[in-house]
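Have a look at the structure below, then the notes.
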Amino acid sequence: MADTAEKKGFKYYWGKFQALNGSSVFIAMIVAMIIFEVVLQITHAGTGSGLIFITPSNLMMIFRQQVYIGIVAFGLTLVMLTGNIDLSVGNMLTFCCCIAASVMMKTDNAALAVLATLGVGAACGLFNGLLVSYVKLNSFITTLGSSSIFNALALIVSAGTVLIIPATCDPAFLAIGKASFGPVSILVVWFVVIAVVLGLVLSRTVFGQRLYVIGANPIAARYSGIKYKRDLTVAYVITGLCVGLAALVMMSNALSSNPQAGSGTEMQIILCVVLGGVAVQGGKGSVWGTIIGILFYGVLSAGFTSLHMSQYLQWVVMGAIMLFALSLDVLKGKGVKLWKKK
Amino acid sequence: MEEKVIANTVDRRKQMVRLFKDNNSVLILILILAAAFIVVDGFGNGFYNVMNYTAMYGPVCLGLAIVMITGNIDLSAGFQAGLAGVTSVICFNAVYRASGSAVAALIVAILGAVITGAITGFINGFFVAKIGVSSLIATIAANYAYQGVVFYFAQSSFSPDDADAIKLIARTKLGGMRWLTPSLLIFLAIVAVVFLWMYKSKFGNNIYIVGDNAEAASYAGISVRNTVWVTYVICGVLSAICGFFMVSSAGYAIYTQGNSLSTLTISCCVIGGIKMAGGKGTAIHVLLGVLIMRVISQMMSAMFLAQSYVNLITGALLIVVLIIDRLTSNKATD
Amino acid sequence: MSRGDTFIELQGIVKLFPGVRALDGVSFDIREGEVHSLCGENGAGKSTLIKVMTGVHARDGGDYKIDGKTVNFGSTTEAIAAGVSCVYQELSIAPQLDVAKNLFIGNLPMKGGVVDHKTLYAKATEILQELEMPISAKTIAGDLSVGQQQMIEIGRALTRNARLIIMDEPTSSLSESETETLFNVIKKLVDKNIAIIYISHKLDEVMFLSDRITVIRDGQNIISKNKDEFTQEELIANMIGRPLENLYVKEPAEITTPMLEVKNLTRKGVFQDISFTVRKGEVVGFFGLVGAGRSEIMRAVFGVDHYESGEVLVDGNRLHGGNPAAAIKAGIGFCTEDRKKEGLALPLSILLNATVVKLDQLATAGVINRKKQRDDADHYVTAMRTKTPSIRQAVGNLSGGNQQKVVLAKWLTMTPKVLIVDAPTRGIDVGSKSEIYGILSDLAKQGMAIIVVSSEIEEIMGVCDSVITIFEGKKTAQLAINPALTREQVLACALGGEYNPDFHEELEEKREVESNG
């Protein structure tokens, strides 16, 4: 008797876990980590002792690599929950990087750089948001267009050259991305803070819950007295702010901005968000899921790199794994059983 | 009877209004741009550039448009083209080295490109139509894979052994006119065939129904899955033709412009009047879209503007087209 | 085959879904050229039966014979080929294509391997004439009215030489005149020896049209008889399994001060000069044909649509137009006609759906008090007797009746002063209907001002204190509901009858009598 009760308990929690966003991706991530570890142990047999891949320093490195796209992805989660999309985040990131770099080069004033970058990010978000919500344009094409515009602006600001911030600049600016609290890098702090804040905003605040309703049924949202245009615009502005912050952190770390710094990352970011369980149609997903999506991507790319796989082959394998994961998700949603229980 | 006549004229008037609304943004733009273009540039070098560009990028735009008419999207078109270009070079070199015949090599190269496109299109279609992954996301993921393959192969073989032979298709001057190339004729033939096919054939008609109301289509016994799947294969093949034309035009495989090519393709389609929601548009719309896009960049280069301004104008134009569309659409209530 | 011969037979059809016996041995037969109605509550198994007949689902047991031969349809296409077509409740029109292509969808006439456009339009014109539709075959389908679109769907069945056409709730979004046209067309079809399976919640239509009626309950066929052998009461009793004493529940409530006052509201081309008052505890019905402007008036009052002139007062305070949020704040709740489109976010939980209009009040500084939210939702969902395992369920998983209760709960959580319900029982089974009427009656007793918009005259007369008739965007009359009022009188006013100036006196008298009694 006690045995069956215990089994039920497990089943119950297993069910609850599976219902969480991105649970299967989480499992896949753990499995991937173990596989990488095993393979590395075999290929490095006898050379060292202990774990190679699953070490605190390696995991921290994976984490740190994902911080920039992570911060943007959290913002984008808000927009995608409403059933819209922002394809311009990549070029927006480039543009914000150029702004941060050029302000620092010209004024060497960290406060001014922060204000300018966040301001430009918010303005970019506002531009998208106003067009999508108030003018009611298709978000895909609109942000494809604005992406082109931001790219052009970045080229104009940087005059097409690599902008380099002198390493002797305002130390306050360096602190944004290089400080650390004991063993914890400020990068990790940014990641966690933004995730927690936006996570709570989505799950606990009126604004966040409204975004879900807008995504699930925009007409019902209007009939429920939700000012969806305003809320949607705010979601875009938050995304813009996240992009601005990511640009600041990135610039503070790298101190140089090339004219293609963030271009193309939008694809990776959208993939991570969707992997984390945000439905493209909107109304479903969470920031917690997005974290898993981001980390999964990080684990894979770090793992393949440690196996000395070339960048090109990595793209192929990543693409295949992503397609596989997305397919599993769809099939699970359709109720297709992938293996039969005996 | 009288009532019926009145009803018919009302219908006809409605149709006229609709026709105008569907195309006016395109028509207005063409008029303005063509006038401006002729004033700025005349029929010299610019005309050649526009034609060359249209022949080269037209096929991929047409392929994407067919996918868009079903209400889906393909963000991997650019790298599908790139991949087909690289494959064609590999095929060309293999046959050329084995047989020494440039003509045989050229034929195999074209075949190789087309088959590659069909395969990549088939893969996209599998995930979108068969499995049911959102087309936007599925093609982003597939794009990664194609990108990897392209770069992997292009490292070793992107340059054909006989560049002059491969240039035959896109560089031969027919009748001594630089702009009249076999590739242009092939593209125009494709436009004509696709236009008629979509109007006349059962399958072509089904594409519109699937894009307009997929549920209705499936209730009527049309296989939505197969229709979408086939459109992806067509898109892959047309992308591949674009990829081959790019090789033929340059004399070596151009493989790095995948993502920007995808973006450009979508822009051409949207400016031509293809809707994201599907169910609308013809091959002629696509032809117009490509022409307009190239005329604009031609004008800009004639005015010695930097690439950044071309991007700026392209982006702004996309948004303007959407706004005009919104303003003229009769669904713009509340 | 001649008229009246049985050509389709179903014997002991069984359909299993995980955990449910959706169909549990249904048997009936269909004769050439008959109108055979299928009646049953929501969830009784009608839709499943239709899906088995049209090849959407494969049956798990029993026999399905056409012309004496057992058939196993693997798809709708095969069923269509065998002469079984269905006109679906959710319209399956391709809105950007023209009428001809919609008529011949999936069945385009071909010549030499290509689509024969000439034949296509010629044949389409023929069918349109047969359907008495004075439109061109080149009209874009999206420009047609809902009723016309439905006709196109029937026409579609004709292009496929259907022998049996299944109509699932065909009149649910039709106006009276469109319904009449539909009935004429049905008559024509029957004359052509085509059999019709007619499914409707409107029992008067069923009684009017049918040759035979089959009642389905809990996946079994309960009874199958000629129409003449049924009374409407008997029909209802068979459908719900117990005699229903009174479908309509209306207990007298104390009617006091004016709560909603609408003065000279006008929106050009939609409605003109609409004035009315709803008092605390009063239930006012709005009756008119589909397209008369009833729902549009309510949408304007609530602020979803704009209006050009006039004013709306809630509890004496003027409400600014065009702002649903302000209307909600002022205390107006609006259960819309189309709950799936306008009322609910189907993928989201009952919890969020039920509290969405009240989120601001449940929050301090924008942060939701989750316990309060849960308690609130729990309270109203339970009070409505909504059948659900948990309030965390997605609303989309509930049945139509329970979804409607969630919509009501959603507005009741904010304790509105004025509640507007538009077509509250559309597409809902008889049992839930009665429950919803009971809820409305209770709310009026608690002092809420209620407006019921409906195109079902019995409903209006069963649950309202008075009825306002709307004809072509104008208010034609306000009539007190009393035993003397006949449905013909109401209908006459809704068809453009004169406004009765003596009415207010009558109403005042009635109120005095009520308050004295």
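Ordered as shown in the structure tokens, chains take letters A, B, and onward, while each chain numbers its residues from 1 and ligands are numbered from 1 in the order shown.
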Neighbour list for segment 220-222 of chain B as a PyMOL selection string, cut-off 6 Å, only C-alpha atoms, skip fewer than 3 positions in-chain: (chain B and resi 217) or (chain C and resi 77+106)
Preceding selection exported with N, CA and C atoms as a PDB file, in the first residue's frame:
```
ATOM      1  N   ALA B 217     -10.381  24.730 -46.412  1.00  0.00           N
ATOM      2  CA  ALA B 217      -9.699  23.900 -47.395  1.00  0.00           C
ATOM      3  C   ALA B 217      -9.734  22.432 -46.976  1.00  0.00           C
TER       4      ALA B 217
ATOM      5  N   THR C  77     -13.465  13.836 -47.647  1.00  0.00           N
ATOM      6  CA  THR C  77     -13.544  13.746 -49.105  1.00  0.00           C
ATOM      7  C   THR C  77     -14.318  12.505 -49.532  1.00  0.00           C
ATOM      8  N   GLY C 106     -12.278  22.902 -53.780  1.00  0.00           N
ATOM      9  CA  GLY C 106     -11.814  21.522 -53.792  1.00  0.00           C
ATOM     10  C   GLY C 106     -12.451  20.685 -54.886  1.00  0.00           C
TER      11      GLY C 106
END
```
Compile the residues of chain A that lie within 9 Å of chain B, evaluated using only C-alpha atoms, and express the compilation as an mmCIF file with N, CA and C atoms, in the first residue's frame.
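So the final result, stored in out-v7.cif, reads:
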```
data_model
loop_
_atom_site.group_PDB
_atom_site.id
_atom_site.type_symbol
_atom_site.label_atom_id
_atom_site.label_comp_id
_atom_site.auth_asym_id
_atom_site.auth_seq_id
_atom_site.Cartn_x
_atom_site.Cartn_y
_atom_site.Cartn_z
ATOM 1 N N LEU A 131 3.956 51.726 -33.656
ATOM 2 C CA LEU A 131 3.534 51.247 -34.981
ATOM 3 C C LEU A 131 2.686 49.982 -34.863
ATOM 4 N N VAL A 135 -0.881 51.978 -34.693
ATOM 5 C CA VAL A 135 -1.138 51.982 -36.140
ATOM 6 C C VAL A 135 -1.587 50.593 -36.605
ATOM 7 N N LYS A 136 -1.455 49.616 -35.712
ATOM 8 C CA LYS A 136 -1.925 48.245 -35.966
ATOM 9 C C LYS A 136 -1.255 47.616 -37.171
ATOM 10 N N LEU A 137 0.055 47.718 -37.239
ATOM 11 C CA LEU A 137 0.768 47.075 -38.332
ATOM 12 C C LEU A 137 1.202 45.684 -37.905
ATOM 13 N N ASN A 138 1.417 44.842 -38.890
ATOM 14 C CA ASN A 138 1.922 43.495 -38.625
ATOM 15 C C ASN A 138 3.307 43.594 -37.982
ATOM 16 N N PHE A 140 5.697 41.479 -37.461
ATOM 17 C CA PHE A 140 6.816 40.817 -38.142
ATOM 18 C C PHE A 140 7.451 41.754 -39.169
ATOM 19 N N ILE A 141 6.633 42.260 -40.077
ATOM 20 C CA ILE A 141 7.157 43.115 -41.139
ATOM 21 C C ILE A 141 7.625 44.454 -40.572
ATOM 22 N N THR A 142 6.867 45.000 -39.647
ATOM 23 C CA THR A 142 7.232 46.295 -39.076
ATOM 24 C C THR A 142 8.616 46.246 -38.454
ATOM 25 N N THR A 143 8.852 45.198 -37.648
ATOM 26 C CA THR A 143 10.142 45.147 -36.972
ATOM 27 C C THR A 143 11.247 44.708 -37.926
ATOM 28 N N LEU A 144 10.860 44.019 -38.998
ATOM 29 C CA LEU A 144 11.847 43.734 -40.041
ATOM 30 C C LEU A 144 12.304 45.056 -40.651
ATOM 31 N N GLY A 145 11.340 45.946 -40.886
ATOM 32 C CA GLY A 145 11.656 47.269 -41.424
ATOM 33 C C GLY A 145 12.460 48.103 -40.447
ATOM 34 N N SER A 146 12.018 48.106 -39.188
ATOM 35 C CA SER A 146 12.732 48.942 -38.219
ATOM 36 C C SER A 146 14.126 48.374 -37.966
ATOM 37 N N SER A 147 14.267 47.062 -38.121
ATOM 38 C CA SER A 147 15.584 46.448 -37.989
ATOM 39 C C SER A 147 16.547 47.063 -39.005
ATOM 40 N N SER A 148 16.063 47.187 -40.227
ATOM 41 C CA SER A 148 16.847 47.811 -41.290
ATOM 42 C C SER A 148 17.211 49.248 -40.907
ATOM 43 N N ILE A 149 16.233 49.938 -40.353
ATOM 44 C CA ILE A 149 16.454 51.343 -39.977
ATOM 45 C C ILE A 149 17.501 51.435 -38.866
ATOM 46 N N PHE A 150 17.374 50.592 -37.851
ATOM 47 C CA PHE A 150 18.335 50.641 -36.734
ATOM 48 C C PHE A 150 19.736 50.292 -37.231
ATOM 49 N N ASN A 151 19.788 49.333 -38.151
ATOM 50 C CA ASN A 151 21.073 48.961 -38.724
ATOM 51 C C ASN A 151 21.705 50.163 -39.424
ATOM 52 N N ALA A 152 20.873 50.871 -40.178
ATOM 53 C CA ALA A 152 21.368 52.057 -40.882
ATOM 54 C C ALA A 152 21.842 53.102 -39.882
ATOM 55 N N LEU A 153 21.055 53.310 -38.832
ATOM 56 C CA LEU A 153 21.430 54.315 -37.825
ATOM 57 C C LEU A 153 22.750 53.935 -37.170
ATOM 58 N N ALA A 154 22.916 52.635 -36.887
ATOM 59 C CA ALA A 154 24.175 52.189 -36.281
ATOM 60 C C ALA A 154 25.338 52.498 -37.204
ATOM 61 N N LEU A 155 25.160 52.235 -38.493
ATOM 62 C CA LEU A 155 26.217 52.517 -39.466
ATOM 63 C C LEU A 155 26.507 54.011 -39.523
ATOM 64 N N ILE A 156 25.464 54.807 -39.428
ATOM 65 C CA ILE A 156 25.654 56.256 -39.502
ATOM 66 C C ILE A 156 26.394 56.759 -38.258
ATOM 67 N N GLY A 160 30.543 53.374 -39.886
ATOM 68 C CA GLY A 160 30.965 52.098 -40.440
ATOM 69 C C GLY A 160 32.273 51.561 -39.878
ATOM 70 N N GLY A 264 21.849 39.822 -36.225
ATOM 71 C CA GLY A 264 21.721 38.380 -36.395
ATOM 72 C C GLY A 264 21.401 37.664 -35.097
ATOM 73 N N MET A 267 17.738 36.081 -34.201
ATOM 74 C CA MET A 267 17.313 34.720 -34.529
ATOM 75 C C MET A 267 17.550 33.792 -33.340
ATOM 76 N N GLN A 268 18.765 33.907 -32.790
ATOM 77 C CA GLN A 268 19.137 33.072 -31.661
ATOM 78 C C GLN A 268 18.227 33.364 -30.465
ATOM 79 N N ILE A 270 15.154 34.686 -30.424
ATOM 80 C CA ILE A 270 13.783 34.198 -30.635
ATOM 81 C C ILE A 270 13.722 32.693 -30.422
ATOM 82 N N LEU A 271 14.731 31.987 -30.945
ATOM 83 C CA LEU A 271 14.767 30.531 -30.764
ATOM 84 C C LEU A 271 14.765 30.167 -29.286
ATOM 85 N N VAL A 274 11.372 30.725 -27.687
ATOM 86 C CA VAL A 274 10.383 29.722 -28.078
ATOM 87 C C VAL A 274 10.706 28.364 -27.459
ATOM 88 N N VAL A 280 4.339 31.060 -30.160
ATOM 89 C CA VAL A 280 4.459 32.145 -31.136
ATOM 90 C C VAL A 280 3.130 32.882 -31.268
ATOM 91 N N GLN A 281 2.022 32.183 -31.045
ATOM 92 C CA GLN A 281 0.717 32.822 -31.147
ATOM 93 C C GLN A 281 0.418 33.684 -29.924
ATOM 94 N N SER A 310 33.895 22.498 -35.032
ATOM 95 C CA SER A 310 34.035 23.798 -35.692
ATOM 96 C C SER A 310 32.715 24.569 -35.599
ATOM 97 N N GLN A 311 32.816 25.882 -35.723
ATOM 98 C CA GLN A 311 31.635 26.744 -35.631
ATOM 99 C C GLN A 311 30.563 26.308 -36.635
ATOM 100 N N TYR A 312 31.029 25.925 -37.840
ATOM 101 C CA TYR A 312 30.065 25.599 -38.895
ATOM 102 C C TYR A 312 29.291 24.341 -38.567
ATOM 103 N N LEU A 313 30.054 23.342 -38.096
ATOM 104 C CA LEU A 313 29.400 22.095 -37.735
ATOM 105 C C LEU A 313 28.447 22.330 -36.556
ATOM 106 N N GLN A 314 28.874 23.210 -35.655
ATOM 107 C CA GLN A 314 28.013 23.544 -34.515
ATOM 108 C C GLN A 314 26.677 24.076 -34.987
ATOM 109 N N TRP A 315 26.725 24.969 -35.978
ATOM 110 C CA TRP A 315 25.463 25.517 -36.498
ATOM 111 C C TRP A 315 24.556 24.404 -36.991
ATOM 112 N N VAL A 316 25.156 23.457 -37.738
ATOM 113 C CA VAL A 316 24.353 22.359 -38.285
ATOM 114 C C VAL A 316 23.714 21.563 -37.150
ATOM 115 N N VAL A 317 24.549 21.180 -36.190
ATOM 116 C CA VAL A 317 24.048 20.344 -35.098
ATOM 117 C C VAL A 317 23.015 21.100 -34.268
ATOM 118 N N MET A 318 23.305 22.378 -33.988
ATOM 119 C CA MET A 318 22.357 23.186 -33.225
ATOM 120 C C MET A 318 21.027 23.277 -33.940
ATOM 121 N N GLY A 319 21.097 23.565 -35.247
ATOM 122 C CA GLY A 319 19.868 23.671 -36.033
ATOM 123 C C GLY A 319 19.062 22.393 -35.936
ATOM 124 N N ALA A 320 19.755 21.262 -36.076
ATOM 125 C CA ALA A 320 19.062 19.979 -36.026
ATOM 126 C C ALA A 320 18.446 19.750 -34.653
ATOM 127 N N ILE A 321 19.222 20.050 -33.591
ATOM 128 C CA ILE A 321 18.700 19.827 -32.239
ATOM 129 C C ILE A 321 17.491 20.735 -31.979
ATOM 130 N N MET A 322 17.587 21.976 -32.414
ATOM 131 C CA MET A 322 16.478 22.908 -32.222
ATOM 132 C C MET A 322 15.225 22.392 -32.927
ATOM 133 N N LEU A 323 15.397 21.973 -34.178
ATOM 134 C CA LEU A 323 14.245 21.463 -34.930
ATOM 135 C C LEU A 323 13.642 20.268 -34.214
ATOM 136 N N LEU A 326 11.823 21.491 -31.032
ATOM 137 C CA LEU A 326 10.573 22.169 -31.365
ATOM 138 C C LEU A 326 9.520 21.164 -31.818
ATOM 139 N N SER A 327 9.966 20.164 -32.588
ATOM 140 C CA SER A 327 9.026 19.146 -33.053
ATOM 141 C C SER A 327 8.452 18.376 -31.878
ATOM 142 N N LEU A 328 9.322 18.005 -30.934
ATOM 143 C CA LEU A 328 8.862 17.268 -29.756
ATOM 144 C C LEU A 328 7.788 18.067 -29.038
ATOM 145 N N ASP A 329 8.056 19.363 -28.905
ATOM 146 C CA ASP A 329 7.123 20.236 -28.208
ATOM 147 C C ASP A 329 5.766 20.225 -28.887
ATOM 148 N N VAL A 330 5.781 20.341 -30.221
ATOM 149 C CA VAL A 330 4.519 20.360 -30.973
ATOM 150 C C VAL A 330 3.800 19.029 -30.827
ATOM 151 N N LEU A 331 4.564 17.936 -30.961
ATOM 152 C CA LEU A 331 3.950 16.615 -30.894
ATOM 153 C C LEU A 331 3.384 16.349 -29.512
#
```
To one decimal place in Å, what is the distance between atom CA of Leu188 of chain B and atom CA of Gly125 of chain B? 26.0 Å
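Near chain A, within 8 Å and counting only C-alpha atoms, the residues of chain C are Val304, Asn323, Pro324, Ala325, Ala326, Ile328, Phe334, Lys341, Glu342, Gly343, Leu344, Ala345, Leu346, Pro347, Leu348, Leu352, Val356, Val357, Leu359, Asp360, Ala363, Gly366, Val367, Ile368 and Arg370 of chain C.
Interatomic distance, atom CA of Lys202 of chain C to atom CA of Phe286 of chain C: 18.8 Å.
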Using DSSP assignments from the backbone, pull out every residue in segment 116-266 of chain A that falls under helix (DSSP H, G or I) and give it to me as JSON, numbers by chain. {"A": [116, 117, 118, 119, 120, 121, 122, 123, 124, 125, 126, 127, 128, 129, 130, 131, 132, 133, 134, 139, 140, 141, 142, 143, 144, 145, 146, 147, 148, 149, 150, 151, 152, 153, 154, 155, 156, 157, 158, 171, 172, 173, 174, 175, 176, 177, 178, 186, 187, 188, 189, 190, 191, 192, 193, 194, 195, 196, 197, 198, 199, 200, 201, 202, 203, 204, 206, 207, 208, 209, 210, 211, 212, 213, 214, 215, 216, 218, 219, 220, 221, 222, 223, 228, 229, 230, 231, 232, 233, 234, 235, 236, 237, 238, 239, 240, 241, 242, 243, 244, 245, 246, 247, 248, 249, 250, 251, 252, 253, 254, 265, 266]}
Go through chain C residue by residue and, counting only C-alpha atoms, keep those with an atom at most 6 Å from chain B; for each kept residue give the shortest atom pair and its distance in Å to one decimal, ordered by chain and increasing number, as JSON lines.
```
{"residue": "C:Thr77", "atom": "CA", "partner": "B:Gly221", "partner_atom": "CA", "distance": 4.7}
{"residue": "C:Ser92", "atom": "CA", "partner": "B:Ala216", "partner_atom": "CA", "distance": 4.3}
{"residue": "C:Ala94", "atom": "CA", "partner": "B:Asn213", "partner_atom": "CA", "distance": 5.1}
{"residue": "C:Gly106", "atom": "CA", "partner": "B:Ala220", "partner_atom": "CA", "distance": 5.3}
{"residue": "C:Val114", "atom": "CA", "partner": "B:Ser201", "partner_atom": "CA", "distance": 4.9}
{"residue": "C:Val115", "atom": "CA", "partner": "B:Lys200", "partner_atom": "CA", "distance": 5.0}
{"residue": "C:Pro134", "atom": "CA", "partner": "B:Lys4", "partner_atom": "CA", "distance": 5.1}
{"residue": "C:Ile135", "atom": "CA", "partner": "B:Ala7", "partner_atom": "CA", "distance": 5.9}
{"residue": "C:Ser136", "atom": "CA", "partner": "B:Asn8", "partner_atom": "CA", "distance": 5.5}
{"residue": "C:Thr139", "atom": "CA", "partner": "B:Asp11", "partner_atom": "CA", "distance": 5.9}
```
Those residues with C-alpha atoms, as a compact mmCIF listing (two decimals), in the first residue's frame please?
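Written file, result_9.txt:
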```txt
# COMPACT_ATOMS: atom_id res chain seq x y z
CA THR C 77 -13.54 13.75 -49.11
CA SER C 92 -15.79 27.61 -43.75
CA ALA C 94 -12.49 31.58 -47.89
CA GLY C 106 -11.81 21.52 -53.79
CA VAL C 114 -6.52 23.20 -66.26
CA VAL C 115 -9.28 25.00 -64.40
CA PRO C 134 -29.25 37.99 -56.49
CA ILE C 135 -25.47 38.34 -56.50
CA SER C 136 -22.76 37.88 -59.07
CA THR C 139 -18.49 38.75 -55.70
```
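Take the candidates C:Ala383, C:Val26, C:Ala377, C:Leu108 and check each one against Arg160 of chain C using only C-alpha atoms; the shortest distance goes to C:Leu108.
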Would you pick out the contacts of Ser275 of chain C at 12 Å or less, using only C-alpha atoms, so that residues sharing its chain but fewer than 4 positions from it are not included, and give the list as a list in words? Leu260, Glu261, Val262, Lys263, Asn264, Leu265, Thr266, Phe271, Ile297, Val301, Ser309, Gly310, Glu311, Val312, Leu313, Ile468, Thr469, Ile470, Gly473, Lys474, Lys475, Thr476, Ala477 and Gln478 of chain C
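From atom CA of Ile66 of chain C back to atom CA of Phe7 of chain C, the distance works out to 5.7 Å.
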Please identify the strand (DSSP E or B) residues within segment 126-308 of chain C (assignment by DSSP from backbone atoms) and present them as number ranges by chain. C: 140, 164-168, 195-199, 212-217, 220-226, 258-267, 271-279, 283-288
For Ala165 of chain B, work out the shell of residues within 10 Å, counting only C-alpha atoms and skipping chain neighbours fewer than 6 positions away, then give it as a ChimeraX atom specification. /B:92,101-103,105-106,171,248,251
All residues 7 Å or closer to segment 173-181 of chain B, only C-alpha atoms, same chain fewer than 6 positions away omitted, as a PyMOL selection string: chain B and resi 48+51-52
Extract, using only C-alpha atoms, all DNA, RNA and protein residues at most 12 Å from segment 170-175 of chain C, discarding same-chain residues fewer than 3 positions from it, and format them as an MDAnalysis selection string. chainID C and resid 86:91 145:151 153:154 165:167 178:183 186 196:206 288:293 337:338 423 425:428 454:456 495
Non-local contacts of Val453 of chain C (7 Å; only C-alpha atoms; under 3 positions in same chain excluded) as a VMD selection string: chain C and resid 285 to 287 294 421 to 423
Write the residues you've just listed into a file as an mmCIF file, in the first residue's frame, and include C-alpha atoms for each of them.
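Contents of again19.cif, as written:
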```
data_model
loop_
_atom_site.group_PDB
_atom_site.id
_atom_site.type_symbol
_atom_site.label_atom_id
_atom_site.label_comp_id
_atom_site.auth_asym_id
_atom_site.auth_seq_id
_atom_site.Cartn_x
_atom_site.Cartn_y
_atom_site.Cartn_z
ATOM 1 C CA GLY C 285 -35.169 43.165 -22.913
ATOM 2 C CA PHE C 286 -33.930 44.400 -26.269
ATOM 3 C CA PHE C 287 -35.568 42.633 -29.141
ATOM 4 C CA ARG C 294 -29.470 45.918 -30.867
ATOM 5 C CA VAL C 421 -26.157 40.304 -21.479
ATOM 6 C CA ASP C 422 -26.234 39.807 -25.227
ATOM 7 C CA ALA C 423 -27.661 36.490 -26.413
#
```
Closest contacts (segment 164-255 of chain A/segment 101-125 of chain A, max 8 Å, only C-alpha atoms) as a tab-separated table:
```
residue	atom	partner	partner_atom	distance
A:Ile164	CA	A:Ala101	CA	6.9
A:Ile165	CA	A:Met105	CA	5.7
A:Pro166	CA	A:Met105	CA	7.4
A:Cys169	CA	A:Asp108	CA	6.0
A:Asp170	CA	A:Asp108	CA	5.9
A:Ala172	CA	A:Ala110	CA	6.0
A:Phe173	CA	A:Ala110	CA	4.9
A:Thr233	CA	A:Gly125	CA	7.8
A:Tyr236	CA	A:Gly125	CA	4.8
A:Val237	CA	A:Gly125	CA	4.2
A:Ile238	CA	A:Ala122	CA	7.0
A:Thr239	CA	A:Gly125	CA	6.4
A:Gly240	CA	A:Gly121	CA	4.3
A:Leu241	CA	A:Ala122	CA	5.0
A:Cys242	CA	A:Gly121	CA	7.6
A:Val243	CA	A:Gly121	CA	6.1
A:Gly244	CA	A:Leu118	CA	4.6
A:Leu245	CA	A:Leu118	CA	6.4
A:Ala247	CA	A:Thr117	CA	7.6
A:Leu248	CA	A:Val114	CA	7.0
A:Met251	CA	A:Ala101	CA	6.8
A:Leu255	CA	A:Ala101	CA	7.5
```
